[in-house]
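Worksheet: the structure to be examined is printed underneath.
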Amino acid sequence: MNGCDRWSPSPIHRALFAALLASMLAGSAAAMEADCAPQTKIDAAKINTQIVLVGESHGTKELPAFTAGLVCSLLRAGKSVILAVERNGEEQEGLNRYLDSEGGDSARDALLQGERWQSKYQDGRASQAMLELIESMRALRQAGQRIGVLALGRNENLNVPMTAAERAPLTPEDNILQSRIYDRAMADNLLFASILYRTYVIVALTGHSHTAKGYAQDPEFLPMGYLINQQAPTFIIGFETGGGMAWSAGGGGYKERPIAAGRLYREGTKIDAVVFIDMLTASPSALPRP
């Protein structure tokens, strides 16, 4: 062989090399596959938008569990995922720390110092099921998955001196205005994240009222889902159920309350996929409530 000769692999060598490369790639993919339980209700391959909105009824076990399975399905499809939840903005730092922790008692106690967990008003957004959902995201993150958790709400940690008289009850008009601002803020935060983290799919778990335009007290109400969909394509998932129970506040305090069979979204709401849950069971608050 002179200096100009070059070795050319035989067909056998090529076949052996291709088999070795395929084996190495398969091993790498298996090692990175998310160790979690994917949901089986919808085909995640049909979700071709960056933003996915899951409209739940707060205070159940099954709906956060479905959301965890949906995140798993997307991870197994090779997506990076941000789970967005109805937490106030000041909890973002605590969520970040928890995802980077080993999930021990001290880390969990620190997470539960957040405003939503500590609030006297509980409607399921601080349930045991929600805590388990966030814990499942932490476990995936620690296993090497590209996962994050976003607090959707405004930052509400302003603390100023006020008298009892200054803390007078809000009027119906105040409540309408607050609802409009609340949804607009969640929409802005989610859209802002979609720009910053454009390689991530964002799965937002919120109450189903945030997917429906208008309600009795405010027919002009524009929910988060509507506002987002005006600026970016959004895949919205709604639920139907055979009935069951949810943990919520109301007359008689915090307790299990019935949920009627049927759909958990208003007729006319933009829904891209409907998931049927046979029976809902209540998930009480992560922290004991009177």
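FYI, nothing fancy with the structure tokens labels: chains A, B, ... in order, residues from 1 per chain, ligands from 1 as they appear.
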At a cut-off of 10 Å, using only C-alpha atoms, what residues contact Ala107 (chain A)? Leave out same-chain residues fewer than 5 positions from it and give the result as a list in words.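 Selected residues are Gly94, Arg97, Tyr98, Leu99, Asp100, Ser101, Glu102 and Leu112 of chain A.
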- request: as a list in words, list the residues of region 89-247 of chain A assigned to strand (DSSP E or B) by DSSP on the backbone atoms of this structure.
  value: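 Selecting the strand (DSSP E or B) positions of region 89-247 of chain A gives Ser127, Ile147, Gly148, Val149, Leu150, Ala151, Tyr200, Val201, Ile202, Val203, Ala204, Leu205, Thr206, Gly207, Tyr215, Asp218, Thr234, Phe235, Ile236, Ile237, Gly238, Phe239, Glu240, Thr241, Gly244, Met245, Ala246 and Trp247 of chain A.
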Polymer residues at most 7 Å from region 206-208 of chain A, only C-alpha atoms, same-chain spacing of 6 or more positions, as a PDB file with N, CA and C atoms, in the first residue's frame:
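File out.pdb, as written:
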```
ATOM      1  N   VAL A  54     -54.182  22.540  30.885  1.00  0.00           N
ATOM      2  CA  VAL A  54     -55.012  21.485  31.471  1.00  0.00           C
ATOM      3  C   VAL A  54     -55.967  22.149  32.451  1.00  0.00           C
ATOM      4  N   GLY A  55     -57.276  22.114  32.138  1.00  0.00           N
ATOM      5  CA  GLY A  55     -58.272  22.795  32.969  1.00  0.00           C
ATOM      6  C   GLY A  55     -58.892  21.848  33.977  1.00  0.00           C
ATOM      7  N   GLU A  56     -58.502  21.963  35.228  1.00  0.00           N
ATOM      8  CA  GLU A  56     -58.937  21.008  36.249  1.00  0.00           C
ATOM      9  C   GLU A  56     -60.019  21.572  37.157  1.00  0.00           C
ATOM     10  N   SER A  57     -60.540  20.708  38.007  1.00  0.00           N
ATOM     11  CA  SER A  57     -61.354  21.104  39.149  1.00  0.00           C
ATOM     12  C   SER A  57     -60.488  20.871  40.383  1.00  0.00           C
ATOM     13  N   HIS A  58     -60.152  21.937  41.115  1.00  0.00           N
ATOM     14  CA  HIS A  58     -59.189  21.841  42.219  1.00  0.00           C
ATOM     15  C   HIS A  58     -59.649  20.862  43.298  1.00  0.00           C
ATOM     16  N   VAL A  85     -47.913  25.926  37.356  1.00  0.00           N
ATOM     17  CA  VAL A  85     -48.976  25.702  38.330  1.00  0.00           C
ATOM     18  C   VAL A  85     -49.418  27.027  38.938  1.00  0.00           C
ATOM     19  N   GLU A  86     -50.618  27.023  39.499  1.00  0.00           N
ATOM     20  CA  GLU A  86     -51.171  28.239  40.105  1.00  0.00           C
ATOM     21  C   GLU A  86     -50.543  28.483  41.473  1.00  0.00           C
ATOM     22  N   LEU A 264     -66.343  19.118  33.088  1.00  0.00           N
ATOM     23  CA  LEU A 264     -65.806  20.085  34.039  1.00  0.00           C
ATOM     24  C   LEU A 264     -65.392  21.374  33.330  1.00  0.00           C
ATOM     25  N   TYR A 265     -66.056  21.697  32.263  1.00  0.00           N
ATOM     26  CA  TYR A 265     -65.811  22.939  31.538  1.00  0.00           C
ATOM     27  C   TYR A 265     -67.143  23.405  30.964  1.00  0.00           C
TER      28      TYR A 265
END
```
At a cut-off of 12 Å, can you tabulate as a tab-separated table every residue of region 187-241 of chain A near region 137-149 of chain A together with its closest atom pair and the distance in Å to one decimal, using only C-alpha atoms and ordering rows by chain then number?
```
residue	atom	partner	partner_atom	distance
A:Leu190	CA	A:Val149	CA	11.4
A:Ala193	CA	A:Val149	CA	10.9
A:Tyr197	CA	A:Gly148	CA	10.3
A:Thr199	CA	A:Arg146	CA	10.4
A:Tyr200	CA	A:Arg146	CA	8.6
A:Val201	CA	A:Ile147	CA	9.7
A:Ile202	CA	A:Gly148	CA	9.2
A:Val203	CA	A:Val149	CA	9.5
A:Ala204	CA	A:Val149	CA	9.6
A:Leu205	CA	A:Val149	CA	10.9
```
Could those selected residues go to a file with all heavy atoms, as a short mmCIF file (atom, residue, chain, number, x, y, z; two decimals), in the first residue's frame?
```cif
data_model
loop_
_atom_site.label_atom_id
_atom_site.label_comp_id
_atom_site.auth_asym_id
_atom_site.auth_seq_id
_atom_site.Cartn_x
_atom_site.Cartn_y
_atom_site.Cartn_z
N LEU A 190 -46.83 33.13 31.56
CA LEU A 190 -46.66 31.93 30.76
C LEU A 190 -46.09 32.26 29.39
O LEU A 190 -45.17 31.60 28.90
CB LEU A 190 -47.99 31.19 30.63
CG LEU A 190 -47.91 29.74 30.13
CD1 LEU A 190 -49.10 28.94 30.64
CD2 LEU A 190 -47.86 29.66 28.62
N ALA A 193 -42.44 33.07 29.64
CA ALA A 193 -41.63 31.85 29.77
C ALA A 193 -41.52 31.13 28.43
O ALA A 193 -40.47 30.56 28.12
CB ALA A 193 -42.25 30.93 30.81
N TYR A 197 -37.88 30.16 27.12
CA TYR A 197 -37.57 28.74 27.10
C TYR A 197 -38.28 28.09 25.90
O TYR A 197 -39.10 27.20 26.05
CB TYR A 197 -38.00 28.09 28.42
CG TYR A 197 -37.50 28.86 29.61
CD1 TYR A 197 -38.37 29.61 30.40
CD2 TYR A 197 -36.14 28.88 29.94
CE1 TYR A 197 -37.91 30.34 31.48
CE2 TYR A 197 -35.68 29.61 31.02
CZ TYR A 197 -36.56 30.34 31.79
OH TYR A 197 -36.11 31.07 32.85
N THR A 199 -37.46 26.06 23.69
CA THR A 199 -37.26 24.64 23.38
C THR A 199 -38.05 23.74 24.33
O THR A 199 -37.98 22.52 24.21
CB THR A 199 -35.77 24.26 23.46
OG1 THR A 199 -35.29 24.51 24.79
CG2 THR A 199 -34.95 25.08 22.46
N TYR A 200 -38.79 24.32 25.25
CA TYR A 200 -39.57 23.56 26.22
C TYR A 200 -41.06 23.59 25.88
O TYR A 200 -41.59 24.62 25.44
CB TYR A 200 -39.41 24.13 27.63
CG TYR A 200 -38.14 23.71 28.33
CD1 TYR A 200 -36.91 24.25 27.98
CD2 TYR A 200 -38.18 22.77 29.36
CE1 TYR A 200 -35.75 23.86 28.63
CE2 TYR A 200 -37.02 22.38 30.01
CZ TYR A 200 -35.81 22.92 29.64
OH TYR A 200 -34.66 22.52 30.28
N VAL A 201 -41.75 22.47 26.10
CA VAL A 201 -43.20 22.45 26.10
C VAL A 201 -43.66 22.88 27.50
O VAL A 201 -43.11 22.41 28.51
CB VAL A 201 -43.76 21.05 25.79
CG1 VAL A 201 -45.28 21.02 25.93
CG2 VAL A 201 -43.35 20.61 24.39
N ILE A 202 -44.62 23.79 27.57
CA ILE A 202 -45.13 24.26 28.86
C ILE A 202 -46.50 23.67 29.09
O ILE A 202 -47.44 23.91 28.32
CB ILE A 202 -45.19 25.80 28.91
CG1 ILE A 202 -43.80 26.39 28.65
CG2 ILE A 202 -45.71 26.26 30.27
CD1 ILE A 202 -43.77 27.91 28.63
N VAL A 203 -46.64 22.88 30.16
CA VAL A 203 -47.91 22.27 30.53
C VAL A 203 -48.44 23.03 31.74
O VAL A 203 -47.86 22.97 32.83
CB VAL A 203 -47.73 20.78 30.88
CG1 VAL A 203 -49.06 20.19 31.36
CG2 VAL A 203 -47.22 20.01 29.67
N ALA A 204 -49.53 23.77 31.55
CA ALA A 204 -50.08 24.60 32.63
C ALA A 204 -51.31 23.93 33.22
O ALA A 204 -52.29 23.68 32.51
CB ALA A 204 -50.44 25.98 32.08
N LEU A 205 -51.26 23.63 34.51
CA LEU A 205 -52.39 23.05 35.23
C LEU A 205 -53.09 24.16 36.00
O LEU A 205 -52.54 24.71 36.95
CB LEU A 205 -51.91 21.96 36.19
CG LEU A 205 -53.00 21.33 37.07
CD1 LEU A 205 -54.06 20.63 36.23
CD2 LEU A 205 -52.38 20.36 38.08
#
```
- Name the residues in contact with Asp183 (chain A) at a cut-off of 8 Å, using only C-alpha atoms, excluding same-chain residues fewer than 6 positions from it; report them as a PyMOL selection string. chain A and resi 210+222-224
Save out the residues we just selected, N, CA, C and O atoms, as a compact mmCIF listing (two decimals), in the first residue's frame.
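The resulting file, part_39.txt, is reproduced below:
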```
# COMPACT_ATOMS: atom_id res chain seq x y z
N HIS A 210 -60.31 29.14 34.03
CA HIS A 210 -59.32 29.93 33.29
C HIS A 210 -59.27 29.56 31.81
O HIS A 210 -58.39 30.03 31.08
N LEU A 222 -61.95 37.81 30.35
CA LEU A 222 -61.08 37.13 29.39
C LEU A 222 -60.11 36.25 30.18
O LEU A 222 -59.20 36.76 30.83
N PRO A 223 -60.30 34.94 30.15
CA PRO A 223 -59.47 34.04 30.96
C PRO A 223 -58.07 33.87 30.39
O PRO A 223 -57.80 34.22 29.22
N MET A 224 -57.22 33.32 31.20
CA MET A 224 -55.84 33.09 30.80
C MET A 224 -55.75 32.32 29.49
O MET A 224 -54.99 32.66 28.59
```
I want to know what sits within 10 Å of Pro233 (chain A), based on only C-alpha atoms, with residues of the same chain fewer than 5 positions away left out; could you give that as a PyMOL selection string? chain A and resi 48-52+228
>> As an exercise, work out the distance from CA of Ala260 (chain A) to CA of Asp278 (chain A) in Å and give it to one decimal place.
In response: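 Distance reported for this atom pair: 11.7 Å.
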What does the structure give for the distance between CA of Ile271 (chain A) and CA of Gln39 (chain A), in Å to one decimal?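 It comes out at 18.4 Å.
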Notebook entry, point to check: Nearest to Val81 (chain A): which of A:Asn189, A:Thr241, A:Ser194, A:Ser209 is it, counting only C-alpha atoms?
Noted result: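 Among the listed residues, the smallest separation from Val81 (chain A) belongs to A:Ser194.
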*If we count only C-alpha atoms, what is near region 169-176 of chain A at a cut-off of 10 Å, once residues fewer than 2 positions away on the same chain are taken out, given as a list in words?*
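Final neighbour list, sorted by chain and number: Ala165, Glu166, Arg167, Gln178, Ser179, Arg180, Ile181, Tyr182, Gln217, Asp218, Glu220 and Phe221 of chain A.
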So which one's closest to Arg108 (chain A), A:Asp123, A:Thr281, A:Leu287, A:Phe235? Using only C-alpha atoms, please.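 The closest residue to Arg108 (chain A) is A:Leu287.
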Original post:
What separation in Å, quoted to one decimal, exists between CA of Val274 (chain A) and CA of Glu240 (chain A)?
Top reply: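 The value is 6.9 Å.
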With only C-alpha atoms as the counted atoms, please give the residues lying no more than 9 Å from Arg116 (chain A), apart from itself and same-chain residues fewer than 3 positions off, as a PyMOL selection string.
chain A and resi 86-88+91+112-113+119-122+125-126
Could you write out that same residue set with N, CA and C atoms as an mmCIF file, in the first residue's frame?
```cif
data_model
loop_
_atom_site.group_PDB
_atom_site.id
_atom_site.type_symbol
_atom_site.label_atom_id
_atom_site.label_comp_id
_atom_site.auth_asym_id
_atom_site.auth_seq_id
_atom_site.Cartn_x
_atom_site.Cartn_y
_atom_site.Cartn_z
ATOM 1 N N GLU A 86 -50.618 27.023 39.499
ATOM 2 C CA GLU A 86 -51.171 28.239 40.105
ATOM 3 C C GLU A 86 -50.543 28.483 41.473
ATOM 4 N N ARG A 87 -49.337 28.975 41.450
ATOM 5 C CA ARG A 87 -48.645 29.399 42.666
ATOM 6 C C ARG A 87 -48.348 30.883 42.528
ATOM 7 N N ASN A 88 -48.273 31.597 43.643
ATOM 8 C CA ASN A 88 -47.897 32.999 43.599
ATOM 9 C C ASN A 88 -46.427 33.146 43.231
ATOM 10 N N GLU A 91 -43.247 32.290 45.267
ATOM 11 C CA GLU A 91 -42.889 30.901 45.545
ATOM 12 C C GLU A 91 -41.901 30.326 44.531
ATOM 13 N N LEU A 112 -43.060 24.133 51.857
ATOM 14 C CA LEU A 112 -44.395 24.350 52.402
ATOM 15 C C LEU A 112 -44.535 25.665 53.164
ATOM 16 N N GLN A 113 -43.456 26.438 53.239
ATOM 17 C CA GLN A 113 -43.551 27.777 53.821
ATOM 18 C C GLN A 113 -44.124 28.772 52.822
ATOM 19 N N SER A 119 -51.754 29.593 53.247
ATOM 20 C CA SER A 119 -52.957 30.404 53.228
ATOM 21 C C SER A 119 -54.113 29.738 53.973
ATOM 22 N N LYS A 120 -54.929 30.548 54.641
ATOM 23 C CA LYS A 120 -56.119 30.023 55.316
ATOM 24 C C LYS A 120 -57.162 29.568 54.307
ATOM 25 N N TYR A 121 -57.110 30.145 53.105
ATOM 26 C CA TYR A 121 -58.083 29.776 52.076
ATOM 27 C C TYR A 121 -57.497 28.657 51.225
ATOM 28 N N GLN A 122 -58.165 27.523 51.205
ATOM 29 C CA GLN A 122 -57.677 26.356 50.469
ATOM 30 C C GLN A 122 -58.758 25.842 49.523
ATOM 31 N N ARG A 125 -55.510 23.902 45.409
ATOM 32 C CA ARG A 125 -54.229 24.245 44.782
ATOM 33 C C ARG A 125 -53.059 23.977 45.721
ATOM 34 N N ALA A 126 -53.362 23.708 46.988
ATOM 35 C CA ALA A 126 -52.329 23.341 47.961
ATOM 36 C C ALA A 126 -52.642 21.969 48.549
#
```
